[in-house]
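Chemist: Right, I'll just put the structure down here and ask away after.
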Amino acid sequence: MELKFKVSGRIARPVEEVFEAVADPAKLSAYFTTGGAVGRMQTGATVQWDFADFPGAFPVEIVEVEPNRRIELRWEANEGPPEDGQATVGAAYMTTVVFTFEPLDDGRTLVTIEEGGWRETPGGLKAAFGNCQGWSQMLAALKAWAEHGINLREGFYV
């Protein structure tokens with residue numbers, strides 16, 4: 001069994017605009033990274049994302065970018081402290097996130113986000129569920145911002 005998930009949403013904007021809302025750090029900071037994003041998502045880059053609800057910037061390795069089609073990134077799995085008080089098994093590890101952007105016939109864009117690679121542990125399962133929630137919220141925030149200029153995350157966490 002591999003711990004992974006997939007979430008999707010339709011954004012009523014052209015694919016180029018939706019892709020830029022994710023790839024451009026200024027736009028991503030306007031609705032998602034509540035502490036800001038630094039660095040454009042491009043193949044081989046390492047960017048920084050900061051969130052008010054998880055203080056401290058996270059390095060995000062951009063594996064591959066296909067403009068207006070796909071972004072693949074890797075970042076450190078965050079399982080949090082072990083629930084049984086025991087030390088975590090092994091060193092830190094990475095999960096892989098893939099965004100796909102599909103133009104639809106009606107002018108909207110289908111955005112799909114997949115993440116996988118957690119350890120098959122209670123902590124890995126908890127982290128996967130937490131990230132699934134986070135990426136679902138990101139899609140809702142992207143939709144509200146891209147379609148209506150509303151930042152859903154402002155004041156949501158702090």
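To be explicit about the labels: the chains of the structure tokens are called A, B, and onward in the order shown, and within each one the residues are counted from 1, while ligands get numbers from 1 in the order they are shown.
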Please provide as a PyMOL selection string all residues within 10 Å of stretch 98-103 of chain A, with the sequence filter that same-chain residues fewer than 5 positions apart are discarded (counting only C-alpha atoms).
Modeler: chain A and resi 6-8+10-11+13-16+18-19+22+63-74+108-116
Chemist: Emit the selected residues as a PDB file, in the first residue's frame, including C-alpha atoms.
Modeler:
ATOM      1  CA  LYS A   6      -5.573  13.134  -5.372  1.00  0.00           C
ATOM      2  CA  VAL A   7      -7.835  16.205  -5.205  1.00  0.00           C
ATOM      3  CA  SER A   8      -9.260  18.233  -8.102  1.00  0.00           C
ATOM      4  CA  ARG A  10     -12.424  23.466 -11.681  1.00  0.00           C
ATOM      5  CA  ILE A  11     -11.377  27.102 -11.899  1.00  0.00           C
ATOM      6  CA  ARG A  13     -10.277  30.939 -15.816  1.00  0.00           C
ATOM      7  CA  PRO A  14      -8.061  29.999 -18.785  1.00  0.00           C
ATOM      8  CA  VAL A  15      -5.289  27.478 -18.137  1.00  0.00           C
ATOM      9  CA  GLU A  16      -2.507  30.054 -18.634  1.00  0.00           C
ATOM     10  CA  VAL A  18      -4.493  29.411 -13.486  1.00  0.00           C
ATOM     11  CA  PHE A  19      -0.996  28.031 -14.073  1.00  0.00           C
ATOM     12  CA  VAL A  22       0.424  28.724  -8.914  1.00  0.00           C
ATOM     13  CA  VAL A  63      11.507  18.776 -10.030  1.00  0.00           C
ATOM     14  CA  GLU A  64       9.892  19.604 -13.355  1.00  0.00           C
ATOM     15  CA  VAL A  65       7.676  22.266 -14.884  1.00  0.00           C
ATOM     16  CA  GLU A  66       5.770  21.991 -18.162  1.00  0.00           C
ATOM     17  CA  PRO A  67       4.240  25.465 -18.622  1.00  0.00           C
ATOM     18  CA  ASN A  68       0.447  25.490 -18.509  1.00  0.00           C
ATOM     19  CA  ARG A  69       0.373  21.681 -18.047  1.00  0.00           C
ATOM     20  CA  ARG A  70       2.237  20.307 -15.035  1.00  0.00           C
ATOM     21  CA  ILE A  71       4.353  21.142 -11.974  1.00  0.00           C
ATOM     22  CA  GLU A  72       6.135  18.428  -9.983  1.00  0.00           C
ATOM     23  CA  LEU A  73       7.718  19.289  -6.659  1.00  0.00           C
ATOM     24  CA  ARG A  74       9.215  17.605  -3.619  1.00  0.00           C
ATOM     25  CA  ARG A 108     -12.403  26.549 -17.295  1.00  0.00           C
ATOM     26  CA  THR A 109      -9.296  24.765 -16.036  1.00  0.00           C
ATOM     27  CA  LEU A 110      -9.295  21.465 -14.173  1.00  0.00           C
ATOM     28  CA  VAL A 111      -6.540  21.527 -11.544  1.00  0.00           C
ATOM     29  CA  THR A 112      -5.533  18.199 -10.014  1.00  0.00           C
ATOM     30  CA  ILE A 113      -3.095  17.869  -7.130  1.00  0.00           C
ATOM     31  CA  GLU A 114      -1.604  14.497  -6.188  1.00  0.00           C
ATOM     32  CA  GLU A 115       0.765  13.849  -3.306  1.00  0.00           C
ATOM     33  CA  GLY A 116       2.398  10.634  -2.197  1.00  0.00           C
TER      34      GLY A 116
END
Chemist: Can you check which residues of chain A DSSP gives as strand (DSSP E) on the backbone and send them as a PyMOL selection string?
Modeler: chain A and resi 3-11+36-38+46-51+54-66+70-76+94-103+109-118
